[in-house]
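What's in data_32.txt: compact mmCIF, C-alpha atoms
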```txt
# COMPACT_ATOMS: atom_id res chain seq x y z
CA MET A 1 69.68 47.25 113.90
CA ASN A 2 71.91 46.44 111.02
CA ARG A 3 74.93 48.69 110.79
CA ALA A 4 74.17 49.37 107.14
CA THR A 5 70.90 51.09 108.00
CA GLU A 6 72.85 53.73 109.91
CA LEU A 7 75.01 54.61 106.96
CA THR A 8 74.60 57.79 104.96
CA ASP A 9 73.85 57.66 101.27
CA ASP A 10 77.51 58.25 100.49
CA GLY A 11 78.54 55.47 102.87
CA LEU A 12 76.11 53.11 101.22
CA PHE A 13 77.38 54.16 97.82
CA ARG A 14 80.95 53.28 98.76
CA ARG A 15 79.80 49.88 99.91
CA ILE A 16 77.83 49.37 96.72
CA VAL A 17 80.90 50.10 94.63
CA ALA A 18 82.73 47.53 96.72
CA GLY A 19 80.04 45.00 95.78
CA ASP A 20 77.86 45.01 98.91
CA GLU A 21 74.44 43.75 97.85
CA GLU A 22 72.85 44.56 101.18
CA ALA A 23 73.91 48.19 100.84
CA PHE A 24 72.40 48.34 97.39
CA ALA A 25 69.11 46.91 98.60
CA LEU A 26 69.04 49.39 101.45
CA LEU A 27 69.77 52.36 99.23
CA TYR A 28 67.14 51.20 96.76
CA ARG A 29 64.51 50.95 99.47
CA ARG A 30 65.51 54.34 100.78
CA LYS A 31 65.53 56.20 97.48
CA HIS A 32 63.28 54.51 95.00
CA PRO A 33 59.83 55.63 96.21
CA ALA A 34 60.55 59.30 95.54
CA ILE A 35 61.98 58.53 92.12
CA TYR A 36 59.07 56.26 91.26
CA ARG A 37 56.58 58.93 92.32
CA PHE A 38 58.47 61.60 90.40
CA VAL A 39 58.27 59.61 87.18
CA LEU A 40 54.69 58.62 87.90
CA HIS A 41 53.68 62.27 88.26
CA MET A 42 55.63 63.18 85.16
CA THR A 43 54.07 60.46 83.02
CA GLY A 44 50.92 59.30 84.77
CA ASN A 45 51.90 55.79 83.73
CA PRO A 46 52.89 53.25 86.41
CA ALA A 47 54.54 50.96 83.86
CA VAL A 48 56.79 53.75 82.63
CA ALA A 49 57.51 54.81 86.21
CA GLU A 50 58.53 51.23 86.98
CA ASP A 51 60.82 51.02 83.96
CA VAL A 52 62.48 54.37 84.49
CA THR A 53 63.04 53.69 88.19
CA GLN A 54 64.68 50.40 87.29
CA GLU A 55 66.85 52.07 84.66
CA ALA A 56 67.98 54.74 87.10
CA PHE A 57 69.20 52.14 89.56
CA MET A 58 70.70 50.07 86.77
CA THR A 59 72.95 53.03 86.12
CA LEU A 60 74.09 52.77 89.71
CA ILE A 61 74.88 49.10 89.20
CA CYS A 62 76.59 49.25 85.83
CA ASP A 63 78.08 52.72 85.79
CA ALA A 64 78.42 53.87 89.37
CA ARG A 65 81.48 55.95 88.61
CA ARG A 66 79.27 58.49 86.89
CA PHE A 67 78.26 59.72 90.33
CA ASP A 68 80.49 62.46 91.66
CA ALA A 69 79.78 63.36 95.27
CA ALA A 70 81.41 66.74 94.73
CA ARG A 71 78.71 67.68 92.24
CA GLY A 72 75.67 66.83 94.34
CA THR A 73 73.85 64.29 96.42
CA LEU A 74 73.25 60.70 95.41
CA GLY A 75 69.51 61.37 95.49
CA GLY A 76 69.93 64.28 93.12
CA PHE A 77 72.06 62.11 90.85
CA LEU A 78 69.38 59.42 90.72
CA PHE A 79 66.68 61.99 89.99
CA GLY A 80 68.84 63.38 87.21
CA VAL A 81 69.38 59.94 85.71
CA ALA A 82 65.66 59.17 85.93
CA ARG A 83 64.87 62.49 84.28
CA ASN A 84 67.26 61.79 81.42
CA HIS A 85 65.77 58.34 80.87
CA LEU A 86 62.33 59.90 80.93
CA ARG A 87 63.27 62.46 78.30
CA LYS A 88 64.75 59.76 76.09
CA ARG A 89 61.56 57.81 76.41
CA TRP A 90 59.50 60.85 75.51
CA GLU A 91 61.64 61.41 72.47
CA GLN A 92 61.04 57.82 71.46
CA ASP A 93 57.34 57.83 72.16
CA ARG A 94 56.59 61.39 71.06
CA HIS A 95 53.32 61.43 72.85
CA PHE A 96 51.98 61.84 76.31
CA VAL A 97 50.72 58.76 78.02
CA PRO A 98 47.21 58.63 79.42
CA LEU A 99 46.40 58.84 83.07
CA PRO A 100 44.60 55.59 83.75
CA GLU A 101 44.69 56.01 87.48
CA LEU A 102 43.11 59.44 87.30
CA GLU A 103 40.41 58.10 85.01
CA GLU A 104 39.85 55.25 87.40
CA GLU A 105 39.59 57.68 90.29
CA ILE A 106 37.10 59.90 88.49
CA HIS A 107 35.09 56.91 87.40
CA SER A 108 35.15 55.69 90.93
CA LEU A 109 33.90 59.01 92.18
CA VAL A 110 31.22 59.32 89.55
CA SER A 111 29.90 55.80 89.96
CA GLY A 112 30.25 55.94 93.70
CA ASN A 113 31.26 52.31 94.02
CA GLY A 114 34.99 52.30 93.37
CA ALA A 115 37.49 51.42 96.03
CA SER A 116 40.24 53.86 96.85
CA ARG A 117 43.80 52.77 96.12
CA ASN A 118 44.55 53.53 99.71
CA GLY A 119 42.34 50.71 100.75
CA GLY A 120 38.76 51.70 101.16
CA ASN A 121 35.75 49.59 101.86
CA GLY A 122 34.74 49.33 98.23
CA ASN A 123 31.55 51.20 98.95
CA GLY A 124 31.63 54.84 97.82
CA SER A 125 28.38 55.59 99.54
CA GLY A 126 30.06 54.87 102.85
CA ARG A 127 32.46 57.81 102.51
CA THR A 128 31.91 61.02 104.31
CA HIS A 129 31.45 64.20 102.37
CA ASP A 130 34.89 65.39 103.48
CA GLN A 131 36.51 62.20 102.23
CA LEU A 132 34.89 62.52 98.85
CA ALA A 133 35.78 66.20 98.66
CA SER A 134 39.36 65.38 99.54
CA LEU A 135 39.53 62.65 96.92
CA GLU A 136 38.06 65.03 94.40
CA THR A 137 40.63 67.64 95.36
CA VAL A 138 43.46 65.18 94.85
CA GLY A 139 42.10 64.10 91.49
CA ARG A 140 41.74 67.65 90.30
CA VAL A 141 45.18 68.78 91.36
CA ARG A 142 46.73 65.64 89.89
CA GLN A 143 45.08 66.40 86.59
CA ALA A 144 46.13 70.04 86.74
CA ILE A 145 49.75 69.04 87.35
CA ALA A 146 49.61 66.56 84.50
CA THR A 147 48.65 69.32 82.09
CA LEU A 148 51.54 71.61 83.05
CA PRO A 149 54.50 71.91 80.69
CA SER A 150 57.10 69.35 81.71
CA GLY A 151 59.60 71.97 82.89
CA TYR A 152 57.04 73.35 85.30
CA ARG A 153 55.69 69.95 86.22
CA GLU A 154 59.02 68.65 87.40
CA VAL A 155 59.66 71.55 89.77
CA VAL A 156 56.18 71.20 91.26
CA VAL A 157 56.72 67.49 91.77
CA LEU A 158 60.17 67.89 93.28
CA CYS A 159 59.58 70.96 95.44
CA ASP A 160 55.91 70.78 96.36
CA LEU A 161 55.22 67.05 96.33
CA GLU A 162 58.59 65.57 97.26
CA GLY A 163 59.53 68.43 99.57
CA MET A 164 62.91 69.15 98.04
CA SER A 165 64.63 72.45 98.67
CA TYR A 166 65.37 74.71 95.73
CA GLU A 167 69.01 73.70 95.92
CA GLU A 168 68.24 69.98 95.85
CA ALA A 169 65.83 70.41 92.95
CA ALA A 170 68.39 72.50 91.08
CA ALA A 171 70.97 69.74 91.51
CA ALA A 172 68.51 67.11 90.31
CA LEU A 173 67.45 69.18 87.32
CA ASP A 174 70.96 70.42 86.61
CA CYS A 175 69.94 74.06 86.46
CA PRO A 176 70.46 77.18 88.59
CA VAL A 177 68.50 77.69 91.79
CA GLY A 178 66.98 80.87 90.37
CA THR A 179 65.56 78.89 87.46
CA VAL A 180 63.90 76.46 89.84
CA ARG A 181 62.43 79.30 91.86
CA SER A 182 61.06 81.18 88.86
CA ARG A 183 59.68 78.02 87.26
CA LEU A 184 57.99 77.03 90.47
CA HIS A 185 56.40 80.44 90.88
CA ARG A 186 55.10 80.33 87.33
CA ALA A 187 53.93 76.75 87.71
CA ARG A 188 51.99 77.57 90.85
CA ALA A 189 50.37 80.52 89.14
CA LEU A 190 49.31 78.22 86.30
CA LEU A 191 47.97 75.64 88.74
CA ILE A 192 45.96 78.28 90.55
CA GLU A 193 44.52 79.38 87.23
CA LYS A 194 43.60 75.82 86.30
CA LEU A 195 42.05 75.10 89.66
CA ARG A 196 40.22 78.42 89.78
CA ASP A 197 37.75 77.19 87.20
CA SER A 198 36.87 74.24 89.39
CA PRO A 199 37.61 75.47 92.88
CA VAL A 200 38.75 73.05 95.52
CA PRO A 201 37.48 73.36 99.05
CA ALA A 202 39.37 76.25 100.59
CA ARG A 203 41.28 75.27 103.73
CA ARG A 204 44.21 76.57 105.59
CA ALA A 205 47.46 74.83 104.84
CA GLY A 206 47.71 73.54 108.36
CA CYS A 207 44.50 71.57 108.15
CA VAL A 208 45.91 68.66 106.22
CA GLY A 209 45.78 65.09 107.27
CA GLU A 210 42.29 64.23 106.23
CA PRO A 211 43.30 62.58 102.97
CA LYS A 212 45.20 60.06 105.03
CA ALA A 213 41.91 59.12 106.62
CA VAL A 214 40.50 58.15 103.25
CA GLY A 215 40.13 54.45 103.11
CA GLU A 216 40.98 53.89 106.73
CA MET B 1 50.11 113.68 93.87
CA LYS B 2 49.94 112.09 97.29
CA MET B 3 47.43 109.58 95.96
CA ASP B 4 49.82 108.52 93.19
CA GLU B 5 52.66 108.07 95.64
CA LYS B 6 50.47 105.97 97.89
CA GLU B 7 49.37 103.80 94.98
CA GLU B 8 52.96 103.32 93.89
CA VAL B 9 53.95 102.15 97.34
CA MET B 10 50.96 99.83 97.40
CA ILE B 11 51.85 98.35 94.01
CA LEU B 12 55.43 97.89 95.07
CA ASP B 13 54.35 96.03 98.16
CA CYS B 14 52.00 93.87 96.14
CA VAL B 15 54.76 93.01 93.72
CA ARG B 16 57.03 92.06 96.57
CA PHE B 17 54.16 90.12 98.16
CA GLU B 18 53.65 88.13 94.98
CA GLU B 19 57.35 87.44 94.79
CA VAL B 20 57.54 85.93 98.22
CA LEU B 21 54.07 84.34 98.29
CA PRO B 22 55.11 80.84 97.12
CA ASP B 23 57.94 80.78 99.66
CA LEU B 24 56.04 81.82 102.78
CA ASP B 25 55.92 78.26 104.11
CA ARG B 26 59.24 77.19 102.66
CA PRO B 27 61.95 77.21 105.33
CA GLY B 28 65.30 78.60 104.35
CA THR B 29 63.96 80.97 101.71
CA PRO B 30 63.74 84.76 101.91
CA GLY B 31 59.95 84.44 101.73
CA ALA B 32 59.79 82.48 104.97
CA GLY B 33 61.43 85.38 106.80
CA LEU B 34 58.86 87.78 105.42
CA ARG B 35 55.86 85.67 106.36
CA GLU B 36 54.53 87.99 109.05
CA SER B 37 54.99 91.06 106.88
CA ALA B 38 53.25 89.32 104.00
CA LEU B 39 50.30 88.31 106.17
CA ALA B 40 50.07 91.84 107.50
CA HIS B 41 50.06 93.16 103.96
CA ALA B 42 47.36 90.71 102.92
CA GLU B 43 45.11 92.00 105.69
CA SER B 44 45.28 95.45 104.23
CA CYS B 45 45.03 94.45 100.56
CA GLY B 46 42.03 92.59 99.20
CA ARG B 47 43.80 91.44 96.06
CA CYS B 48 46.77 90.01 97.93
CA ALA B 49 44.42 88.44 100.48
CA ARG B 50 42.76 86.58 97.61
CA LEU B 51 46.13 85.50 96.25
CA LEU B 52 47.11 84.27 99.69
CA THR B 53 43.92 82.25 99.98
CA GLU B 54 44.44 80.71 96.57
CA SER B 55 48.06 79.91 97.37
CA GLU B 56 47.13 78.26 100.64
CA SER B 57 44.40 76.33 98.92
CA LEU B 58 46.91 75.12 96.37
CA ASP B 59 49.29 74.17 99.16
CA PHE B 60 46.55 72.15 100.77
CA SER B 61 45.72 70.39 97.51
CA LEU B 62 49.34 69.59 96.80
CA HIS B 63 49.86 68.36 100.33
CA SER B 64 46.78 66.16 100.04
CA LEU B 65 48.17 64.67 96.86
CA ALA B 66 51.58 64.16 98.43
CA VAL B 67 50.07 62.45 101.46
CA ARG B 68 47.89 60.27 99.28
CA ASP B 69 50.85 59.19 97.17
CA ALA B 70 53.32 58.96 100.04
CA PHE B 71 53.26 55.19 100.16
CA ARG B 72 53.33 54.56 96.46
CA GLU B 73 56.41 52.73 95.32
CA ALA B 74 57.62 50.47 92.59
CA PRO B 75 56.47 46.83 92.70
CA SER B 76 58.74 44.39 94.48
CA ARG B 77 59.63 42.71 91.19
CA VAL B 78 61.72 45.78 90.32
CA GLU B 79 63.84 45.29 93.43
CA ALA B 80 64.15 41.58 92.71
CA ALA B 81 65.26 42.25 89.13
CA LEU B 82 67.77 44.86 90.25
CA LEU B 83 69.26 42.64 92.94
CA LYS B 84 69.58 39.82 90.44
CA ARG B 85 71.37 42.14 88.04
CA PHE B 86 73.55 43.44 90.87
CA ARG B 87 74.69 39.92 91.72
CA LEU B 88 75.34 39.21 88.07
CA GLU B 89 77.35 42.37 87.52
CA LYS B 90 79.38 41.97 90.68
CA GLY B 91 80.01 38.33 89.84
CA LEU B 92 81.25 39.36 86.42
CA ALA B 93 83.40 42.06 87.96
CA ALA B 94 84.92 39.57 90.39
CA ARG B 95 85.55 37.16 87.53
CA ARG B 96 87.15 39.94 85.51
CA ARG B 97 89.38 40.81 88.47
CA LEU B 98 90.39 37.16 88.82
CA GLN B 99 91.12 36.88 85.10
CA CYS B 100 93.17 40.03 85.28
CA GLN B 101 95.17 38.67 88.20
CA LEU B 102 95.70 35.37 86.43
CA SER B 103 96.79 37.17 83.29
CA LEU B 104 99.31 39.18 85.28
CA LEU B 105 100.53 36.02 86.94
CA GLY B 106 100.82 34.27 83.58
CA ALA B 107 102.69 37.20 82.09
CA ALA B 108 105.10 37.21 85.01
CA ALA B 109 105.66 33.47 84.66
CA ALA B 110 106.22 33.81 80.92
CA MET B 111 108.69 36.59 81.52
CA LEU B 112 110.56 34.48 84.06
CA LEU B 113 110.64 31.60 81.60
CA VAL B 114 112.00 33.79 78.85
CA VAL B 115 114.67 35.23 81.14
CA GLY B 116 115.62 31.73 82.29
CA LEU B 117 115.80 30.36 78.76
CA SER B 118 117.81 33.26 77.46
CA PHE B 119 120.21 32.84 80.36
CA HIS B 120 120.47 29.16 79.56
CA GLN B 121 120.99 29.90 75.89
CA ARG B 122 123.69 32.40 76.65
CA ARG B 123 125.55 29.74 78.53
CA LEU B 124 125.27 27.32 75.64
CA ALA B 125 125.55 29.69 72.75
CA LEU B 126 128.80 29.80 70.82
CA PRO B 127 129.97 32.44 68.43
CA SER B 128 129.53 31.51 64.84
CA LEU B 129 132.71 29.99 63.48
CA HIS B 130 132.02 30.26 59.86
CA SER B 131 129.38 31.93 57.84
CA SER B 132 126.10 32.97 59.33
CA ALA B 133 124.17 30.92 56.78
CA PRO B 134 121.28 29.18 58.48
CA SER B 135 121.85 25.81 56.84
CA ALA B 136 124.31 23.33 58.16
CA VAL B 137 127.63 23.50 56.34
CA PRO B 138 129.77 20.45 56.91
CA SER B 139 133.44 21.27 57.22
CA PRO B 140 135.76 18.36 56.96
CA GLN B 141 138.21 18.54 59.77
CA GLN B 142 140.02 15.41 60.42
CA PRO B 143 139.57 11.95 59.06
CA VAL B 144 139.93 9.36 61.68
CA GLY B 145 139.62 5.71 61.95
CA ALA B 146 136.36 4.01 62.56
CA PRO B 147 135.05 5.05 65.91
CA ASP B 148 134.29 2.53 68.52
CA ALA B 149 130.76 1.34 68.49
CA THR B 150 130.27 2.48 72.08
CA TYR B 151 131.16 6.05 71.19
CA VAL B 152 132.79 6.85 74.49
CA ALA B 153 133.82 10.37 75.45
CA ASP B 154 136.83 11.80 73.73
CA ASP B 155 140.04 12.65 75.45
CA ASP B 156 139.51 16.35 75.09
CA GLY B 157 136.64 16.18 77.56
CA ALA B 158 133.93 16.87 75.03
CA GLY B 159 130.64 15.02 75.34
CA ALA B 160 130.14 11.53 74.11
CA PHE B 161 128.87 10.82 70.61
CA ILE B 162 125.19 10.16 70.51
CA PRO B 163 123.96 7.72 67.87
CA LEU B 164 121.49 9.30 65.53
CA PRO B 165 118.08 7.63 65.45
CA TYR B 166 118.43 6.24 61.96
CA ALA B 167 122.10 5.24 62.27
CA ASP B 168 122.52 1.84 60.65
CA ASP B 169 126.18 1.73 59.97
CA LEU B 170 127.67 1.86 63.43
CA ASP B 171 129.93 -1.09 62.87
CA ALA B 172 131.22 0.16 59.57
CA GLU B 173 134.79 1.14 59.32
CA GLY B 174 136.32 4.27 57.89
CA GLY B 175 134.03 6.84 59.38
CA THR B 176 134.96 10.49 59.41
CA ILE B 177 134.43 13.15 62.06
CA VAL B 178 133.42 16.49 60.72
CA ARG B 179 132.74 19.68 62.66
CA VAL B 180 129.62 21.46 61.54
CA ILE B 181 127.40 24.28 62.63
CA LEU B 182 123.84 23.15 62.77
CA SER B 183 120.66 25.16 62.85
CA ARG B 184 117.58 23.91 64.68
CA SER B 185 116.04 22.72 61.44
CA ALA B 186 119.23 20.86 60.58
CA LEU B 187 119.20 19.21 64.00
CA ALA B 188 115.60 18.23 63.44
CA SER B 189 116.49 16.71 60.09
CA LEU B 190 119.01 14.55 61.94
CA GLY B 191 116.23 13.36 64.18
CA MET B 192 117.22 15.52 67.16
CA PRO B 193 114.78 18.39 67.51
CA ASP B 194 115.55 20.88 70.28
CA ALA B 195 112.60 23.03 71.19
CA ALA B 196 114.74 25.18 73.44
CA LEU B 197 116.62 26.58 70.47
CA GLU B 198 115.42 29.56 68.51
CA ALA B 199 115.00 29.04 64.77
CA SER B 200 117.94 31.28 64.10
CA ASP B 201 120.21 29.72 66.77
CA GLN B 202 123.11 27.66 65.59
CA VAL B 203 124.99 24.94 67.43
CA PRO B 204 128.47 23.65 66.66
CA ALA B 205 128.77 19.88 66.72
CA ASP B 206 130.93 17.01 65.55
CA LEU B 207 129.34 14.44 63.28
CA ILE B 208 130.56 10.97 62.53
CA VAL B 209 129.89 10.44 58.88
CA SER B 210 130.06 6.98 57.40
CA GLN B 211 131.78 6.21 54.12
CA ASP B 212 128.61 6.62 52.19
CA GLY B 213 128.30 10.13 53.66
CA THR B 214 125.46 9.42 56.08
CA PRO B 215 125.79 10.99 59.55
CA GLN B 216 125.83 8.28 62.19
CA ALA B 217 126.39 10.06 65.50
CA ILE B 218 126.60 13.53 66.88
CA ARG B 219 128.54 15.24 69.62
CA PHE B 220 127.88 18.79 70.73
CA VAL B 221 130.90 20.98 71.12
CA ALA B 222 131.14 23.27 74.12
CA GLN B 223 132.11 26.93 73.79
CA ASP B 224 135.42 26.70 75.64
CA GLU B 225 136.47 23.70 73.55
CA LEU B 226 135.71 25.67 70.43
CA ASN B 227 137.79 28.58 71.66
CA GLN B 228 140.70 26.25 72.31
CA ASP B 229 140.44 25.03 68.77
```

Represent the structure contained in this file as structure tokens.
Amino acid sequence: MNRATELTDDGLFRRIVAGDEEAFALLYRRKHPAIYRFVLHMTGNPAVAEDVTQEAFMTLICDARRFDAARGTLGGFLFGVARNHLRKRWEQDRHFVPLPELEEEIHSLVSGNGASRNGGNGNGSGRTHDQLASLETVGRVRQAIATLPSGYREVVVLCDLEGMSYEEAAAALDCPVGTVRSRLHRARALLIEKLRDSPVPARRAGCVGEPKAVGE
Amino acid sequence: MKMDEKEEVMILDCVRFEEVLPDLDRPGTPGAGLRESALAHAESCGRCARLLTESESLDFSLHSLAVRDAFREAPSRVEAALLKRFRLEKGLAARRRLQCQLSLLGAAAAMLLVVGLSFHQRRLALPSLHSSAPSAVPSPQQPVGAPDATYVADDDGAGAFIPLPYADDLDAEGGTIVRVILSRSALASLGMPDAALEASDQVPADLIVSQDGTPQAIRFVAQDELNQD
């Protein structure tokens, strides 16, 4: 195993500042999926997610000294940078982008012949009822998240989808932990309200894993 | 009265239940420590039991979404573009460092040169004998006979006369030696530019001037010789 893979984020950061390309590549591969997904959930637009992810890491290349380890983690810093870029973009665009993937998913479900992005056999009729129900659940919750106010959406994405702690999310969003907690509680209440009208199959939280089987 | 008290306790518990509900499965939060109590409360309260079911259903939905999106990531072209930019930026930074080092080196060399030249000038420089006017002021000193064409060194140990580039009257008789103080521009006008001299520097010298008044040869006068005079 390469020694660089054993380094912490801060260790990689020091090597990046010193000009180590391998360290940068490693940090990018380690951190970018979460940032990409965060922006994707916030915008619903893969092209924007791609751009913002690139801009966040460009900051690391061109202006690495903006990161202060005393103020938070490198991951939190990158999320913060991505969030700022996203807000700038929203200010420029002044409109919400569509959710092509969601539309594609719904269309796929309705027509019964679309292939899942996770792979799939391209034949909707070959899916089990549970698989379809799971896909429907995912589509509905994705849509519900997309309609949340952005302040609520980002805490749901960070805490419930990316598994961040309140403290990590607070560092990424540059706000107090209490704010994250209260926003998340309110966001979940809103999501429950939105999903109540079109109930998802009720399961215990421990029964997850089936969505992974979709498309396998 | 007892009924009211009981209801109040029940409401209080429900409020607390709702507070901790989103954190029941979140390690490290106060809600996680109250999980058993919350579940026990939900068993005795239909409303909270419904909230619990809805919350767990939401957790399942969110987890399904997270699992489904777990492998989503930016296209590889983003990484390629970033690595290209990284190489470019680091290359520029290295070049900037090199330029900075070269600049420092150049500055140090220039400083050494200046120090060396000023030291050299100090050795050559003589105090101004006459006025501080920048132009050369000839001062007749001593008429002598025609100097020998070879212009050998004088007896006083001063340097030999150097023929000026345009001298055409070396064999003429009746030349005169005059001591002058020459500026760099005056030296240049005699056909002897000296880049080492500052524009304001002045050099004492002896000139052999022919009968028609044209300088024919020059001899620089050293400081100690001047003092003796």

Could you list, as JSON, numbers by chain, the residues of chain B having an atom within 12 Å of chain A when counting only C-alpha atoms? {"B": [18, 19, 20, 21, 22, 23, 24, 25, 26, 27, 28, 29, 30, 31, 50, 51, 52, 53, 54, 55, 56, 57, 58, 59, 60, 61, 62, 63, 64, 65, 66, 67, 68, 69, 70, 71, 72, 73, 74, 75, 76, 77, 78, 79, 80, 81, 82, 83, 84, 85, 86, 87, 88, 89, 90, 91, 92, 93, 94]}

Calculate how many Å separate CA of Ala40 in chain B from CA of Arg183 in chain A, rounding to one decimal.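 Spanning CA of Ala40 in chain B to CA of Arg183 in chain A is a straight-line distance of 26.3 Å.
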
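As for CA of Leu190 in chain B and CA of Pro215 in chain B, they are spaced 8.0 Å apart.
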
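The space separating CA of Thr8 in chain A from CA of Val48 in chain A comes to 28.8 Å.
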
Which protein, DNA or RNA residues are at most 7 Å from (121.2, 24.2, 66.1) in the file's coordinates when you count all atoms listed in the file, listed as JSON, numbers by chain? {"B": [182, 183, 184, 186, 187, 197, 201, 202, 203]}
